[in-house]
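Raw contents of start_9.cif, mmCIF, C-alpha atoms:
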data_coords
#
loop_
_atom_site.label_atom_id
_atom_site.label_comp_id
_atom_site.auth_asym_id
_atom_site.auth_seq_id
_atom_site.Cartn_x
_atom_site.Cartn_y
_atom_site.Cartn_z
CA MET M 1 -9.80 -20.32 35.34
CA LYS M 2 -11.49 -17.62 33.26
CA PRO M 3 -9.21 -14.73 32.18
CA ALA M 4 -11.31 -12.15 34.03
CA ARG M 5 -11.01 -14.04 37.31
CA LEU M 6 -7.29 -14.51 36.78
CA VAL M 7 -6.88 -10.77 36.20
CA VAL M 8 -8.76 -9.93 39.40
CA ALA M 9 -6.72 -12.49 41.36
CA THR M 10 -3.38 -11.19 40.09
CA LEU M 11 -4.33 -7.57 40.70
CA SER M 12 -5.29 -8.49 44.28
CA LEU M 13 -1.94 -10.24 44.72
CA LEU M 14 -0.15 -7.16 43.37
CA THR M 15 -1.95 -5.05 45.96
CA LEU M 16 -0.84 -7.48 48.67
CA ALA M 17 2.74 -7.26 47.35
CA GLY M 18 2.50 -3.48 47.81
CA VAL M 19 1.33 -3.94 51.39
CA TRP M 20 4.21 -6.35 52.01
CA LEU M 21 6.71 -3.81 50.65
CA PHE M 22 5.22 -1.18 52.94
CA ALA M 23 5.57 -3.43 55.98
CA ALA M 24 8.88 -5.18 55.15
CA PRO M 25 11.38 -2.53 56.43
CA PHE M 26 9.75 -2.50 59.83
CA GLY M 27 8.73 -6.16 59.95
CA LEU M 28 12.15 -7.48 58.99
CA GLY M 29 13.94 -4.96 61.21
CA TYR M 30 16.22 -3.23 58.72
CA GLN M 31 14.55 0.05 59.57
CA PRO M 32 14.55 0.56 63.35
CA LEU M 33 11.66 2.60 64.69
CA GLY M 34 12.63 6.21 65.38
CA ALA M 35 15.81 6.11 63.28
CA PRO M 36 16.08 8.24 60.11
CA TRP M 37 14.88 6.39 57.05
CA GLY M 38 17.52 4.88 54.81
CA ASN M 39 17.50 4.60 51.03
CA ALA M 40 16.06 1.09 51.13
CA THR M 41 13.16 2.11 53.36
CA VAL M 42 12.26 5.13 51.24
CA ASP M 43 12.38 3.04 48.07
CA ASP M 44 10.31 0.24 49.58
CA LEU M 45 7.65 2.64 50.83
CA ALA M 46 7.46 4.50 47.51
CA THR M 47 7.33 1.35 45.40
CA GLY M 48 4.90 -0.35 47.76
CA GLY M 49 2.66 2.71 47.66
CA ALA M 50 2.78 2.73 43.86
CA LEU M 51 1.84 -0.94 43.75
CA ILE M 52 -1.05 -0.43 46.16
CA LEU M 53 -2.27 2.50 44.07
CA ILE M 54 -2.03 0.53 40.82
CA GLY M 55 -3.64 -2.60 42.25
CA LEU M 56 -6.44 -0.96 44.19
CA GLY M 57 -7.10 1.64 41.50
CA SER M 58 -7.46 -0.94 38.75
CA LEU M 59 -9.55 -3.23 40.97
CA ILE M 60 -11.94 -0.41 41.86
CA THR M 61 -12.19 0.69 38.21
CA TYR M 62 -12.78 -2.92 37.18
CA CYS M 63 -15.56 -3.31 39.75
CA VAL M 64 -17.21 -0.04 38.69
CA LEU M 65 -17.13 -1.00 35.01
CA SER M 66 -18.45 -4.49 35.76
CA THR M 67 -21.33 -3.06 37.78
CA ARG M 68 -22.13 -0.65 34.95
CA ASP M 69 -22.17 -3.51 32.45
CA LEU M 70 -24.39 -5.56 34.72
CA LEU M 71 -26.83 -2.69 35.16
CA ALA M 72 -26.92 -2.07 31.42
CA ARG M 73 -27.71 -5.76 30.79
CA THR M 74 -30.46 -5.97 33.41
CA LYS M 75 -32.03 -2.65 32.47
CA PRO M 76 -35.82 -3.17 32.05
CA ASP M 77 -37.23 -2.69 28.59
CA PRO M 78 -39.18 0.65 28.51
CA ALA M 79 -41.59 -0.72 25.88
CA SER M 80 -42.69 -3.55 28.15
CA ASP M 81 -43.08 -1.14 31.09
CA ALA M 82 -45.41 1.09 29.11
CA ARG M 83 -47.93 -1.75 28.55
CA MET G 1 -14.27 -3.44 26.31
CA SER G 2 -12.74 -0.81 28.57
CA LYS G 3 -12.23 -3.29 31.43
CA PRO G 4 -9.43 -5.28 29.75
CA ILE G 5 -7.77 -2.04 28.65
CA VAL G 6 -7.67 -0.84 32.27
CA THR G 7 -6.12 -4.12 33.36
CA VAL G 8 -3.58 -4.07 30.49
CA VAL G 9 -2.42 -0.59 31.54
CA ALA G 10 -2.30 -1.60 35.21
CA SER G 11 -0.32 -4.76 34.51
CA LEU G 12 2.18 -2.89 32.35
CA ALA G 13 2.66 -0.31 35.11
CA ALA G 14 3.06 -3.08 37.67
CA ALA G 15 5.65 -4.79 35.47
CA LEU G 16 7.63 -1.54 35.33
CA VAL G 17 7.43 -1.18 39.12
CA GLY G 18 8.64 -4.77 39.49
CA GLY G 19 11.56 -4.13 37.18
CA TRP G 20 12.50 -1.06 39.20
CA LEU G 21 12.33 -3.08 42.42
CA MET G 22 14.84 -5.55 40.99
CA LEU G 23 17.20 -2.77 39.93
CA ALA G 24 16.80 -0.43 42.89
CA PRO G 25 19.32 -2.03 45.30
CA PHE G 26 22.05 -1.63 42.68
CA ALA G 27 20.91 1.74 41.34
CA LEU G 28 20.44 3.42 44.71
CA GLY G 29 23.58 1.91 46.20
CA TYR G 30 22.17 0.24 49.28
CA ARG G 31 23.84 -2.95 48.13
CA HIS G 32 27.55 -2.50 47.54
CA ALA G 33 29.14 -4.35 44.63
CA GLY G 34 31.16 -7.37 45.64
CA THR G 35 29.54 -7.79 49.04
CA ALA G 36 26.94 -10.36 50.01
CA TRP G 37 23.30 -9.40 49.53
CA ASN G 38 21.89 -7.73 52.61
CA HIS G 39 18.30 -7.97 53.81
CA PRO G 40 16.80 -5.01 51.87
CA THR G 41 18.44 -6.21 48.65
CA GLU G 42 16.99 -9.70 49.00
CA VAL G 43 13.54 -8.38 49.84
CA ASP G 44 13.47 -5.91 46.98
CA PHE G 45 14.91 -8.24 44.36
CA TRP G 46 12.67 -11.23 45.09
CA THR G 47 9.59 -9.08 45.55
CA GLY G 48 10.40 -7.48 42.20
CA VAL G 49 10.62 -10.90 40.56
CA GLY G 50 7.24 -11.85 42.00
CA VAL G 51 5.68 -8.57 40.91
CA VAL G 52 6.99 -8.95 37.35
CA VAL G 53 5.66 -12.52 37.12
CA LEU G 54 2.24 -11.49 38.47
CA ALA G 55 2.11 -8.53 36.11
CA LEU G 56 2.92 -10.71 33.11
CA VAL G 57 0.21 -13.20 34.11
CA ALA G 58 -2.27 -10.34 34.44
CA LEU G 59 -1.19 -8.97 31.06
CA ALA G 60 -1.64 -12.34 29.34
CA ALA G 61 -5.05 -12.83 30.93
CA SER G 62 -6.12 -9.31 29.89
CA LEU G 63 -5.03 -9.91 26.30
CA ALA G 64 -6.91 -13.23 26.27
CA SER G 65 -9.96 -11.41 27.57
CA ILE G 66 -9.66 -8.79 24.81
CA ARG G 67 -9.39 -11.54 22.19
CA THR G 68 -12.49 -13.27 23.55
CA GLU G 69 -14.42 -10.01 23.50
CA LEU G 70 -13.37 -9.28 19.91
CA ARG G 71 -14.50 -12.76 18.87
CA VAL G 72 -17.86 -12.23 20.54
CA ARG G 73 -18.27 -8.96 18.65
CA GLY G 74 -17.27 -10.57 15.36
CA ALA G 75 -14.09 -8.57 14.81
CA LEU G 76 -12.02 -11.76 14.94
CA PRO G 77 -12.97 -15.09 13.33
CA GLN G 78 -14.23 -17.83 15.59
CA PRO G 79 -11.70 -20.58 16.29
CA LEU G 80 -12.44 -23.65 14.17
CA ARG G 81 -12.72 -27.12 15.65
CA ARG G 82 -10.60 -29.88 14.18
CA ALA G 83 -13.55 -31.52 12.38
CA GLU G 84 -14.58 -28.19 10.81
CA ARG G 85 -11.01 -27.52 9.73
CA GLN G 86 -10.79 -30.94 8.06
CA GLU G 87 -14.13 -30.40 6.34
CA ARG G 88 -12.97 -27.07 4.98
CA LYS G 89 -9.73 -28.56 3.71
CA ALA G 90 -11.58 -31.36 1.97
CA ALA G 91 -13.99 -28.89 0.36
CA ALA G 92 -11.09 -26.73 -0.85
CA ARG G 93 -9.37 -29.79 -2.30
CA ALA G 94 -12.56 -30.84 -4.11
CA ALA G 95 -13.04 -27.32 -5.52
CA LYS G 96 -9.46 -27.28 -6.78
CA ALA G 97 -9.86 -30.66 -8.44
CA ALA G 98 -13.09 -29.50 -10.09
CA ALA G 99 -11.38 -26.36 -11.40
CA LEU G 100 -8.52 -28.41 -12.85
CA ALA G 101 -10.98 -30.78 -14.53
CA GLY G 102 -12.82 -27.79 -16.03
CA GLN G 103 -9.57 -26.37 -17.44
CA ALA G 104 -8.65 -29.71 -18.98
CA GLY G 105 -12.08 -29.93 -20.63
CA ALA G 106 -11.71 -26.41 -22.05
CA GLY G 107 -8.24 -27.23 -23.43
CA THR G 108 -9.53 -30.16 -25.44
CA GLY G 109 -12.33 -28.11 -26.91
CA GLN G 110 -14.98 -29.69 -24.76
CA GLY G 111 -16.81 -27.15 -22.68
CA ALA G 112 -17.49 -28.04 -19.12
CA PRO G 113 -21.02 -29.21 -18.52
CA GLY G 114 -23.25 -26.31 -17.73
CA GLY G 115 -20.65 -23.80 -18.95
CA GLY G 116 -21.41 -20.78 -21.06
CA PRO G 117 -22.60 -17.26 -20.75
CA GLY G 118 -25.24 -18.21 -18.20
CA GLY G 119 -22.59 -19.13 -15.63
CA GLY G 120 -19.85 -21.68 -15.04
CA PRO G 121 -16.47 -21.81 -16.78
CA PRO G 122 -16.30 -20.33 -20.34
CA THR G 123 -15.94 -22.68 -23.31
CA SER G 124 -12.88 -22.68 -25.59
CA ALA G 125 -14.81 -20.90 -28.39
CA GLU G 126 -15.67 -18.09 -26.01
CA LEU G 127 -12.09 -17.89 -24.84
CA ARG G 128 -10.87 -17.75 -28.44
CA GLU G 129 -13.32 -14.95 -29.17
CA LEU G 130 -12.20 -13.05 -26.08
CA LEU G 131 -8.48 -13.44 -26.68
CA ALA G 132 -8.42 -12.81 -30.47
CA PRO G 133 -8.28 -8.95 -30.25
CA LEU G 134 -5.50 -9.22 -27.68
CA VAL G 135 -3.43 -11.47 -29.92
CA VAL G 136 -3.93 -9.14 -32.93
CA ALA G 137 -2.84 -6.13 -30.86
CA LEU G 138 0.24 -7.95 -29.61
CA LEU G 139 1.25 -8.97 -33.13
CA SER G 140 0.90 -5.45 -34.52
CA ASP G 141 2.95 -4.13 -31.63
CA LEU G 142 5.65 -6.68 -32.34
CA LYS G 143 5.68 -5.72 -36.04
CA THR G 144 6.06 -2.03 -35.22
CA THR G 145 8.92 -2.70 -32.83
CA GLU G 146 10.75 -4.85 -35.35
CA ALA G 147 10.33 -2.25 -38.09
CA GLU G 148 11.70 0.47 -35.82
CA THR G 149 14.74 -1.54 -34.79
CA SER G 150 15.54 -2.51 -38.38
CA GLY G 151 15.22 1.12 -39.50
CA GLN G 152 17.61 2.27 -36.78
CA ALA G 153 20.12 -0.41 -37.70
CA GLY G 154 19.93 0.65 -41.36
CA ASN G 155 20.58 4.30 -40.53
CA HIS G 156 23.49 3.42 -38.27
CA LEU G 157 25.27 1.25 -40.79
CA SER G 158 24.35 3.54 -43.73
CA GLY G 159 24.15 0.61 -46.00
CA ALA G 160 21.88 -2.17 -47.07
CA ASP G 161 20.29 -4.13 -44.28
CA PRO G 162 21.99 -7.52 -44.24
CA ARG G 163 19.29 -9.06 -42.15
CA PRO G 164 16.34 -10.82 -43.69
CA ALA G 165 13.16 -8.88 -44.20
CA PRO G 166 10.87 -8.76 -41.17
CA ARG G 167 8.45 -11.55 -40.92
CA THR G 168 4.99 -10.86 -42.09
CA TRP G 169 2.17 -11.92 -39.91
CA SER G 170 -0.85 -13.04 -41.79
#

Take the structure in the file and write it out as structure tokens.
Amino acid sequence: MKPARLVVATLSLLTLAGVWLFAAPFGLGYQPLGAPWGNATVDDLATGGALILIGLGSLITYCVLSTRDLLARTKPDPASDAR
Amino acid sequence: MSKPIVTVVASLAAALVGGWLMLAPFALGYRHAGTAWNHPTEVDFWTGVGVVVLALVALAASLASIRTELRVRGALPQPLRRAERQERKAAARAAKAAALAGQAGAGTGQGAPGGGPGGGPPTSAELRELLAPLVVALLSDLKTTEAETSGQAGNHLSGADPRPAPRTWS
């Protein structure tokens, strides 16, 4: 696997880990709905949110930079357009 | 080039978050010491382990990507194949052997073929001509030093110098 693909795959998995952390307190039942949030729930939500931010933010930045590179490579030559 | 830097920063941040996830149950006290691990502790710890592993994989891949990019740009040398490496070693060995043969020829007074001012290793006559002023300067320096030391010894003992006269270099 090429390094770039591996990076994108791992960043996507990190984002999914953040989503899992967000859902775990409610999905696994250690935070009943309606009850005040405990330490574990607050920590899981904060850490999960941070992971989602890091993963999604870097993925979006990566996509934007890749698109910019692609556009710069496929930019038509102005000299050939003038002819 | 900025893409791998973004991913390096993101993976480092993710590794820190993973480390915090592993520590949080103990630091925040929702897992009491000496008791069995409860559900939140297990979730946080094992998710933290997974996050750290993923972050390290992403970091390694980003660094590999940076290295590839630097090689493409010429900032790092291209990796050599085994055949090229062996060829280079053989060439270096041959060059060393040729240099040693040239030195041996110069030592016996036979200049290496093709040697001289036009290029190639210098002959022994040229070397002698080059080194002669250096040898003369060294000898005069040695004479001066010996004369100074013998003069000091004579003053200190306030008598005749028992040592033999300094050698004369002719």

| remark: Taken to one decimal, the atom CA of M:Pro36-atom CA of M:Ala23 distance is 16.2 Å

| request: Kindly provide, as JSON, numbers by chain, the residues of chain M having any atom no farther than 7 Å from an atom of chain G, counting only C-alpha atoms. | output: {"M": [3, 4, 6, 7, 10, 14, 39, 40, 47, 51, 54, 58, 62, 65]}

| request: Record the distance separating atom CA of G:Phe45 and atom CA of M:Ile60, expressed in Å with one decimal. | output: 28.1 Å

| said: If we count all atoms listed in the file and set the cut-off at 9 Å, which residues sit around M:Pro25, ignoring sequence neighbours fewer than 6 positions away in its own chain? Please answer as a list in words. | reply: Gln31, Pro32, Ala40, Thr41, Asp44 and Leu45 of chain M; Pro40 of chain G

| field | atom CA of M:Ala46 to atom CA of G:Met22, straight-line distance in Å | value | 14.1 Å

Draw an axis-aligned box tight on the listed atoms of stretch 40-50 of chain G, then pad every side by 5 Å and write out centre and edge lengths in Å to one decimal as JSON.
{"center_x": 12.8, "center_y": -8.4, "center_z": 46.2, "size_x": 21.2, "size_y": 16.8, "size_z": 21.3}

With N, CA and C atoms retained, output stretch 21-34 of chain M as a tab-separated table (two decimals), in the first residue's frame.
chain	number	residue	atom	x	y	z
M	21	LEU	N	-16.14	6.68	20.34
M	21	LEU	CA	-16.02	7.22	21.70
M	21	LEU	C	-17.24	8.08	22.04
M	22	PHE	N	-17.74	8.78	21.04
M	22	PHE	CA	-18.93	9.61	21.24
M	22	PHE	C	-20.14	8.75	21.59
M	23	ALA	N	-20.23	7.58	20.91
M	23	ALA	CA	-21.43	6.76	21.05
M	23	ALA	C	-21.33	5.78	22.22
M	24	ALA	N	-20.08	5.43	22.63
M	24	ALA	CA	-19.89	4.34	23.59
M	24	ALA	C	-20.66	4.51	24.91
M	25	PRO	N	-20.64	5.68	25.56
M	25	PRO	CA	-21.33	5.79	26.86
M	25	PRO	C	-22.82	5.45	26.76
M	26	PHE	N	-23.41	5.83	25.66
M	26	PHE	CA	-24.85	5.57	25.52
M	26	PHE	C	-25.08	4.17	24.95
M	27	GLY	N	-24.22	3.76	24.04
M	27	GLY	CA	-24.40	2.43	23.42
M	27	GLY	C	-24.13	1.31	24.40
M	28	LEU	N	-23.14	1.48	25.26
M	28	LEU	CA	-22.81	0.40	26.19
M	28	LEU	C	-23.56	0.54	27.51
M	29	GLY	N	-24.31	1.62	27.67
M	29	GLY	CA	-25.23	1.74	28.81
M	29	GLY	C	-24.61	2.22	30.10
M	30	TYR	N	-23.37	2.71	30.10
M	30	TYR	CA	-22.85	3.23	31.37
M	30	TYR	C	-23.18	4.69	31.57
M	31	GLN	N	-23.95	5.25	30.66
M	31	GLN	CA	-24.49	6.59	30.85
M	31	GLN	C	-25.98	6.52	30.50
M	32	PRO	N	-26.83	6.32	31.52
M	32	PRO	CA	-28.27	6.24	31.23
M	32	PRO	C	-28.80	7.58	30.70
M	33	LEU	N	-29.74	7.48	29.79
M	33	LEU	CA	-30.31	8.70	29.21
M	33	LEU	C	-31.05	9.48	30.29
M	34	GLY	N	-30.85	10.78	30.32
M	34	GLY	CA	-31.54	11.63	31.29
M	34	GLY	C	-30.79	11.82	32.59
